[in-house]
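**Q** File upload-v7.cif follows (mmCIF, C-alpha atoms and all ligand atoms):
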data_run
#
loop_
_atom_site.label_atom_id
_atom_site.label_comp_id
_atom_site.auth_asym_id
_atom_site.auth_seq_id
_atom_site.Cartn_x
_atom_site.Cartn_y
_atom_site.Cartn_z
CA MET A 1 -7.70 -0.14 325.18
CA LYS A 2 -9.03 -2.44 327.92
CA ASP A 3 -8.78 -1.14 331.49
CA GLN A 4 -6.86 -3.13 334.09
CA SER A 5 -9.89 -4.51 335.96
CA LEU A 6 -11.41 -5.80 332.69
CA LEU A 7 -8.06 -7.38 331.77
CA ASN A 8 -7.91 -9.06 335.20
CA ILE A 9 -11.42 -10.44 334.77
CA LEU A 10 -10.56 -11.74 331.28
CA ARG A 11 -7.40 -13.36 332.62
CA TYR A 12 -9.34 -15.03 335.45
CA LEU A 13 -11.96 -16.32 332.97
CA HIS A 14 -9.18 -17.68 330.81
CA ASP A 15 -7.46 -19.41 333.76
CA LYS A 16 -10.68 -20.93 335.05
CA ARG A 17 -12.46 -21.90 331.85
CA GLY A 18 -9.87 -21.54 329.07
CA PHE A 19 -11.86 -18.93 327.11
CA ASP A 20 -10.00 -16.10 325.47
CA PHE A 21 -12.16 -13.00 325.10
CA ASN A 22 -9.17 -10.69 324.60
CA GLY A 23 -9.88 -10.46 320.90
CA ASN A 24 -13.45 -9.21 321.46
CA HIS A 25 -14.14 -5.52 321.05
CA THR A 26 -13.54 -3.59 324.29
CA LEU A 27 -16.67 -1.46 324.18
CA MET A 28 -18.84 -4.53 323.73
CA LEU A 29 -17.19 -6.34 326.67
CA THR A 30 -17.41 -3.27 328.92
CA ARG A 31 -21.12 -2.78 328.19
CA ARG A 32 -21.84 -6.43 328.83
CA LEU A 33 -19.81 -6.58 332.00
CA GLN A 34 -21.84 -3.61 333.22
CA LYS A 35 -24.97 -5.80 333.01
CA ARG A 36 -23.40 -8.31 335.40
CA LEU A 37 -22.29 -5.54 337.78
CA GLN A 38 -25.89 -4.39 337.95
CA ALA A 39 -27.30 -7.89 338.33
CA THR A 40 -24.89 -8.78 341.12
CA GLU A 41 -25.08 -5.29 342.72
CA VAL A 42 -21.32 -5.01 342.68
CA LYS A 43 -19.76 -1.53 342.40
CA ASN A 44 -16.87 -2.00 339.97
CA GLY A 45 -14.71 -4.46 338.02
CA HIS A 46 -12.25 -4.88 340.87
CA GLU A 47 -14.99 -5.97 343.30
CA TYR A 48 -16.59 -8.11 340.63
CA LEU A 49 -13.42 -10.16 340.35
CA HIS A 50 -13.68 -10.95 344.09
CA TYR A 51 -17.34 -11.81 343.56
CA LEU A 52 -16.40 -14.24 340.77
CA LYS A 53 -13.93 -15.94 343.08
CA ASP A 54 -16.51 -16.22 345.88
CA TYR A 55 -19.35 -17.38 343.61
CA PRO A 56 -17.88 -19.53 340.81
CA LYS A 57 -21.34 -20.07 339.26
CA GLU A 58 -21.25 -16.42 338.25
CA LEU A 59 -18.68 -17.41 335.58
CA ASP A 60 -21.50 -19.04 333.58
CA HIS A 61 -23.52 -15.82 333.66
CA LEU A 62 -20.49 -13.81 332.61
CA ILE A 63 -19.81 -16.12 329.66
CA ASP A 64 -23.49 -15.93 328.75
CA VAL A 65 -23.43 -12.11 328.56
CA PHE A 66 -20.08 -12.00 326.75
CA THR A 67 -21.41 -14.27 324.03
CA ILE A 68 -24.23 -12.88 321.92
CA ASN A 69 -26.69 -15.61 321.07
CA VAL A 70 -29.19 -13.78 318.89
CA SER A 71 -30.32 -16.03 316.06
CA ARG A 72 -33.41 -17.09 314.16
CA PHE A 73 -34.49 -19.64 311.60
CA PHE A 74 -33.50 -18.75 308.03
CA ARG A 75 -31.82 -15.55 309.23
CA ASN A 76 -31.16 -13.34 306.16
CA SER A 77 -33.37 -15.65 304.13
CA ILE A 78 -31.68 -14.78 300.82
CA VAL A 79 -28.59 -16.69 301.96
CA PHE A 80 -30.65 -19.80 302.60
CA GLU A 81 -32.28 -19.34 299.17
CA CYS A 82 -28.79 -19.30 297.62
CA ILE A 83 -27.73 -22.36 299.62
CA ASN A 84 -30.86 -24.16 298.50
CA LYS A 85 -30.81 -23.15 294.83
CA MET A 86 -27.08 -22.92 294.10
CA VAL A 87 -24.94 -24.70 296.68
CA LEU A 88 -26.90 -27.85 297.52
CA PRO A 89 -27.82 -28.93 293.95
CA GLU A 90 -24.22 -28.60 292.76
CA LEU A 91 -22.81 -30.37 295.81
CA ILE A 92 -25.29 -33.23 295.69
CA LEU A 93 -24.93 -33.86 291.96
CA GLY A 94 -21.14 -33.72 292.27
CA LYS A 95 -21.23 -36.30 295.04
CA LEU A 96 -23.54 -38.64 293.16
CA ARG A 97 -21.26 -38.43 290.11
CA LYS A 98 -18.23 -39.34 292.26
CA LYS A 99 -20.19 -41.97 294.22
CA GLU A 100 -19.27 -40.20 297.42
CA PHE A 101 -22.31 -40.14 299.62
CA SER A 102 -21.53 -38.31 302.83
CA LEU A 103 -22.39 -34.62 303.04
CA ARG A 104 -20.70 -32.91 305.98
CA ILE A 105 -21.83 -29.57 307.37
CA TRP A 106 -20.51 -27.56 310.32
CA SER A 107 -22.41 -24.69 311.90
CA ALA A 108 -19.65 -22.94 313.87
CA GLY A 109 -21.09 -20.60 316.50
CA CYS A 110 -24.58 -22.09 316.28
CA ALA A 111 -25.96 -20.25 319.36
CA THR A 112 -29.41 -21.64 320.20
CA GLY A 113 -29.61 -23.91 317.15
CA GLU A 114 -31.79 -22.06 314.63
CA GLU A 115 -29.05 -22.03 311.97
CA PRO A 116 -28.18 -25.77 311.92
CA TYR A 117 -31.88 -26.69 312.17
CA SER A 118 -32.57 -24.42 309.16
CA MET A 119 -29.87 -26.34 307.25
CA ALA A 120 -31.39 -29.64 308.36
CA ILE A 121 -34.80 -28.55 307.04
CA LEU A 122 -33.33 -27.52 303.67
CA LEU A 123 -31.59 -30.87 303.37
CA LYS A 124 -34.61 -32.88 304.45
CA GLU A 125 -36.68 -31.19 301.74
CA ARG A 126 -34.03 -31.56 299.03
CA LEU A 127 -33.12 -35.16 299.79
CA LYS A 128 -36.76 -36.28 299.51
CA LYS A 129 -36.17 -37.05 295.83
CA GLN A 130 -35.62 -40.76 295.28
CA GLU A 131 -32.48 -40.18 293.18
CA TYR A 132 -30.83 -38.35 296.10
CA ALA A 133 -31.65 -40.99 298.71
CA ALA A 134 -28.05 -42.27 298.81
CA ILE A 135 -26.77 -38.96 300.24
CA LYS A 136 -26.17 -39.12 303.99
CA PRO A 137 -25.96 -35.70 305.62
CA SER A 138 -24.21 -35.04 308.95
CA ILE A 139 -24.64 -31.67 310.62
CA PHE A 140 -22.26 -30.70 313.42
CA ALA A 141 -23.23 -27.62 315.40
CA THR A 142 -20.90 -26.06 317.95
CA ASP A 143 -20.68 -23.15 320.35
CA ILE A 144 -18.88 -22.15 323.54
CA ASP A 145 -22.02 -21.12 325.36
CA GLN A 146 -23.32 -24.14 327.29
CA LEU A 147 -26.64 -22.46 328.11
CA ALA A 148 -27.23 -21.75 324.41
CA LEU A 149 -26.30 -25.34 323.51
CA ALA A 150 -28.76 -26.71 326.07
CA LYS A 151 -31.52 -24.59 324.53
CA ALA A 152 -30.51 -25.75 321.06
CA ALA A 153 -30.74 -29.39 322.07
CA GLU A 154 -34.21 -28.74 323.49
CA GLY A 155 -35.38 -27.29 320.17
CA ILE A 156 -38.21 -25.12 321.52
CA TYR A 157 -38.60 -21.60 320.10
CA ASN A 158 -40.81 -18.56 320.39
CA PHE A 159 -42.66 -16.82 317.58
CA ASP A 160 -39.85 -14.34 316.97
CA SER A 161 -37.39 -17.13 316.11
CA ILE A 162 -39.64 -18.77 313.53
CA LYS A 163 -40.89 -15.59 311.80
CA ASN A 164 -38.99 -16.40 308.58
CA VAL A 165 -40.23 -19.99 308.37
CA LYS A 166 -42.64 -20.58 305.48
CA PHE A 167 -46.06 -21.89 306.43
CA GLY A 168 -45.71 -25.32 304.78
CA ILE A 169 -42.35 -25.88 306.47
CA LEU A 170 -43.76 -24.81 309.81
CA GLU A 171 -46.59 -27.29 309.46
CA ARG A 172 -44.26 -30.10 308.47
CA TYR A 173 -41.36 -29.71 310.86
CA PHE A 174 -42.67 -27.97 314.00
CA THR A 175 -45.25 -28.78 316.65
CA LYS A 176 -47.08 -25.79 318.02
CA THR A 177 -47.64 -25.71 321.74
CA GLU A 178 -49.32 -22.97 323.80
CA GLN A 179 -46.61 -20.30 323.38
CA SER A 180 -43.91 -22.02 321.40
CA PHE A 181 -42.82 -24.14 318.47
CA GLN A 182 -41.01 -27.44 318.92
CA VAL A 183 -38.69 -28.76 316.20
CA SER A 184 -39.77 -32.23 315.05
CA PRO A 185 -37.70 -35.29 316.05
CA GLU A 186 -36.75 -36.06 312.41
CA ILE A 187 -35.03 -32.64 312.16
CA LYS A 188 -33.56 -32.79 315.66
CA GLU A 189 -31.88 -36.10 315.03
CA MET A 190 -30.03 -34.69 312.01
CA VAL A 191 -28.01 -32.26 314.15
CA GLN A 192 -25.30 -33.05 316.72
CA PHE A 193 -24.69 -30.19 319.16
CA THR A 194 -21.35 -30.02 320.97
CA PHE A 195 -19.15 -27.59 322.77
CA PHE A 196 -16.24 -26.31 320.68
CA ASP A 197 -14.13 -23.19 321.08
CA LEU A 198 -13.12 -21.71 317.73
CA LEU A 199 -10.02 -20.32 319.42
CA ASP A 200 -8.90 -23.73 320.72
CA LYS A 201 -5.29 -23.98 319.54
CA ASN A 202 -5.18 -27.77 319.77
CA ARG A 203 -8.13 -28.67 317.59
CA LEU A 204 -9.19 -27.76 314.08
CA SER A 205 -12.74 -29.03 314.15
CA PRO A 206 -15.36 -30.43 316.53
CA PRO A 207 -14.01 -33.59 318.23
CA ASN A 208 -17.14 -35.61 317.48
CA SER A 209 -16.70 -34.95 313.75
CA ILE A 210 -13.47 -37.03 314.10
CA TYR A 211 -11.91 -35.30 311.12
CA GLY A 212 -12.90 -32.00 309.53
CA ASP A 213 -13.25 -32.22 305.76
CA PHE A 214 -16.53 -30.34 305.64
CA ASP A 215 -18.46 -29.64 302.46
CA ILE A 216 -20.08 -26.58 304.01
CA ILE A 217 -19.03 -24.46 306.98
CA ILE A 218 -21.50 -21.85 308.15
CA CYS A 219 -19.91 -19.36 310.48
CA ARG A 220 -22.25 -16.40 310.54
CA ASN A 221 -22.31 -13.45 312.90
CA VAL A 222 -19.45 -14.82 314.97
CA LEU A 223 -16.34 -13.26 313.41
CA LEU A 224 -17.68 -9.73 313.66
CA TYR A 225 -17.20 -9.78 317.43
CA PHE A 226 -13.44 -10.39 317.10
CA ASP A 227 -10.56 -8.09 316.20
CA ALA A 228 -8.52 -8.66 313.02
CA ALA A 229 -5.85 -10.92 314.57
CA TYR A 230 -8.41 -13.25 316.15
CA GLN A 231 -10.50 -13.26 312.98
CA LYS A 232 -7.42 -14.40 311.07
CA MET A 233 -6.92 -17.27 313.52
CA ILE A 234 -10.52 -18.40 313.01
CA PHE A 235 -10.36 -18.01 309.21
CA ASP A 236 -7.24 -20.23 309.13
CA LYS A 237 -8.99 -22.89 311.15
CA LEU A 238 -12.11 -22.82 308.96
CA TYR A 239 -10.00 -22.97 305.79
CA ARG A 240 -8.16 -26.06 307.02
CA SER A 241 -11.39 -27.79 308.03
CA LEU A 242 -13.07 -27.19 304.68
CA LYS A 243 -12.80 -29.56 301.68
CA MET A 244 -11.39 -28.24 298.42
CA ASN A 245 -14.35 -26.72 296.50
CA GLY A 246 -16.32 -26.68 299.77
CA TYR A 247 -18.34 -23.62 300.78
CA LEU A 248 -17.72 -21.12 303.56
CA ILE A 249 -20.77 -19.07 304.50
CA LEU A 250 -20.33 -15.85 306.47
CA GLY A 251 -22.73 -13.30 307.97
CA GLU A 252 -23.87 -10.19 306.13
CA ALA A 253 -21.45 -7.91 307.97
CA GLU A 254 -18.42 -10.20 307.71
CA LEU A 255 -15.62 -10.11 305.17
CA PRO A 256 -12.58 -12.32 304.73
CA ASP A 257 -9.26 -10.47 305.05
CA SER A 258 -7.19 -10.00 301.89
CA SER A 259 -5.08 -13.17 302.23
CA THR A 260 -8.12 -15.33 303.04
CA LYS A 261 -9.97 -13.83 300.06
CA LYS A 262 -7.40 -15.29 297.65
CA GLN A 263 -8.25 -18.80 298.80
CA TYR A 264 -11.91 -18.50 297.82
CA LYS A 265 -14.21 -17.33 295.06
CA LYS A 266 -17.48 -15.61 295.93
CA ILE A 267 -20.30 -17.54 294.28
CA ASN A 268 -22.58 -14.54 293.67
CA SER A 269 -22.91 -10.88 294.52
CA CYS A 270 -25.89 -11.07 296.87
CA SER A 271 -24.65 -13.37 299.62
CA LYS A 272 -21.46 -14.03 301.57
CA ILE A 273 -20.96 -17.55 300.21
CA TYR A 274 -17.38 -18.42 299.27
CA GLN A 275 -16.06 -21.51 297.51
CA LYS A 276 -12.61 -22.79 298.45
CA ILE A 277 -10.41 -22.78 295.37
CA GLY A 278 -6.80 -22.74 296.53
C1 LIG A 301 -24.74 -13.97 317.26
S1 LIG A 301 -24.50 -15.68 317.54
C2 LIG A 301 -24.62 -16.30 315.88
C3 LIG A 301 -25.62 -17.40 315.75
C4 LIG A 301 -25.84 -17.90 314.33
N1 LIG A 301 -24.60 -18.30 313.73
C5 LIG A 301 -26.54 -16.87 313.50
O1 LIG A 301 -25.93 -16.20 312.67
O2 LIG A 301 -27.75 -16.70 313.67
C6 LIG A 301 -22.76 -15.80 317.87
C7 LIG A 301 -22.37 -17.09 318.56
O3 LIG A 301 -20.95 -17.25 318.52
C8 LIG A 301 -20.56 -17.92 319.68
N2 LIG A 301 -19.13 -17.76 319.94
C9 LIG A 301 -18.46 -16.66 320.37
N3 LIG A 301 -17.16 -16.93 320.52
C10 LIG A 301 -16.99 -18.23 320.17
C11 LIG A 301 -15.86 -19.09 320.14
N4 LIG A 301 -14.66 -18.68 320.51
N5 LIG A 301 -16.04 -20.37 319.73
C12 LIG A 301 -17.28 -20.80 319.38
N6 LIG A 301 -18.39 -20.04 319.39
C13 LIG A 301 -18.24 -18.77 319.79
C14 LIG A 301 -21.42 -17.26 320.76
O4 LIG A 301 -21.50 -18.04 321.93
C15 LIG A 301 -22.74 -17.08 320.04
O5 LIG A 301 -23.63 -18.13 320.33
#
Would you kindly transcribe this structure into structure tokens?
**A**
Amino acid sequence: MKDQSLLNILRYLHDKRGFDFNGNHTLMLTRRLQKRLQATEVKNGHEYLHYLKDYPKELDHLIDVFTINVSRFFRNSIVFECINKMVLPELILGKLRKKEFSLRIWSAGCATGEEPYSMAILLKERLKKQEYAAIKPSIFATDIDQLALAKAAEGIYNFDSIKNVKFGILERYFTKTEQSFQVSPEIKEMVQFTFFDLLDKNRLSPPNSIYGDFDIIICRNVLLYFDAAYQKMIFDKLYRSLKMNGYLILGEAELPDSSTKKQYKKINSCSKIYQKIG
């Protein structure tokens, strides 16, 4: 149960920026709000609301702490192995057979960009083969956190983020600077980063994708922060944006609810990769 001052802050955030954090777990929001109370040296939620009104820039910091941006390249590497060995070959061969050459991917809740860049690297490697040259991939990556999106577009990471990157890949697609690793331009240009709120009731998919119809939607470690009703809303949106036989990829700790489950088949037992079947 959210206390009144937290509810007032959430309502203010919604009025000012249109974000709905009501479906996020209360304990998580309370702990994160506490961080902002400390940083701003404000005593309680009631005073913090006044502070927000006096210093509108604080809204960005609040959104930044409410959204959890932890990510890394090839996070839970087994999933990327499955995408590489099972999903991509089948998708690409199917497309070549049908003479349909666009391959559309959406990373929904991309945080600082490691996930869509990991997909871009997999595709770059796979599409090297001459017989696959006709395939044209588009990767759309979206988030509600503008600070995270700015970092994603920059494409500069620390050692912790690239720990799972194999040496050959690191050599090929990153430039090492003093303390960091910069994603190469050929990978950067494969990904379009834009703001998109998964709870936006008026849109199904990122505006710059024009229409949804994705072959793969990766939405990992996003749903777990929402309660069941909000998860359902997001699952419905992802389902409608995904092509028939397309793949939905969730995080390790995420499960589709029982009605969503019927619309998909799980492609294997060791990863949360679902294929849309109905
Ligand atoms: C923990 S990160 C996941 C990053 C990446 N998908 C991964 O698994 O490594 C969760 C991301 O979801 C984003 N997010 C939270 N609510 C969202 C919403 N309503 N619409 C879009 N993105 C949202 C957060 O801003 C955050 O960047």
**Q** Can you work out which residues are within 10 Å of ligand LIG 301 (chain A), considering all atoms listed in the file, and then hand them over as number ranges by chain?
**A** A: 19-21, 23-24, 63-76, 107-116, 141-149, 161, 195-200, 218-226, 230, 234, 250-252
**Q** Between A:Cys82, A:Val183, A:Ala133, A:Leu170, which residue has the minimum interatomic distance to Asn268 of chain A, considering all atoms listed in the file?
**A**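 Of all the options, A:Cys82 lies closest to Asn268 of chain A.
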**Q** With all atoms listed in the file counted, which protein, DNA or RNA residues have an atom no more than 6 Å from (-14.4, -29.2, 304.1) in the file frame? Please answer as a list of chain:residue names.
**A**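 Here the neighbourhood of the point contains A:Asp213, A:Phe214, A:Asp215, A:Ser241, A:Leu242, A:Lys243, A:Gly246.
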**Q** Do a neighbour search on Lys136 of chain A at 7 Å with all atoms listed in the file, toss out local chain neighbours closer than 3 positions, and write the hits as JSON, numbers by chain.
**A** {"A": [101, 102, 103]}
**Q** Return the padded bounding box of segment 195-208 of chain A as JSON: axis-aligned, built from all atoms listed in the file, 8 Å added on each side, with centre and edge lengths in Å to one decimal.
**A**
{"center_x": -12.2, "center_y": -28.0, "center_z": 318.4, "size_x": 30.0, "size_y": 31.3, "size_z": 24.7}
**Q** Pick out the closest residue to Ile156 of chain A from this set: A:Lys188, A:Lys266, A:Ile216, A:Ile139. Count all atoms listed in the file.
**A**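 Checking each candidate against Ile156 of chain A, we get A:Lys188 as the closest.
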**Q** Need the shell around segment 119-129 of chain A: protein/DNA/RNA residues with any atom at most 8 Å away, counting only C-alpha atoms. Skip same-chain ones fewer than 4 positions apart. Format as a CSV table (one decimal) with C-alpha atoms, in the coordinates of the input?
**A**
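File written: part01.csv
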chain,number,residue,atom,x,y,z
A,84,ASN,CA,-30.9,-24.2,298.5
A,115,GLU,CA,-29.0,-22.0,312.0
A,133,ALA,CA,-31.6,-41.0,298.7
A,135,ILE,CA,-26.8,-39.0,300.2
A,137,PRO,CA,-26.0,-35.7,305.6
A,139,ILE,CA,-24.6,-31.7,310.6
A,173,TYR,CA,-41.4,-29.7,310.9
A,187,ILE,CA,-35.0,-32.6,312.2
A,190,MET,CA,-30.0,-34.7,312.0
A,191,VAL,CA,-28.0,-32.3,314.2
**Q** At a cut-off of 8 Å, using only C-alpha atoms, what residues contact Ser5 of chain A? Leave out same-chain residues fewer than 5 positions from it and give the result as a count of residues only.
**A** 3
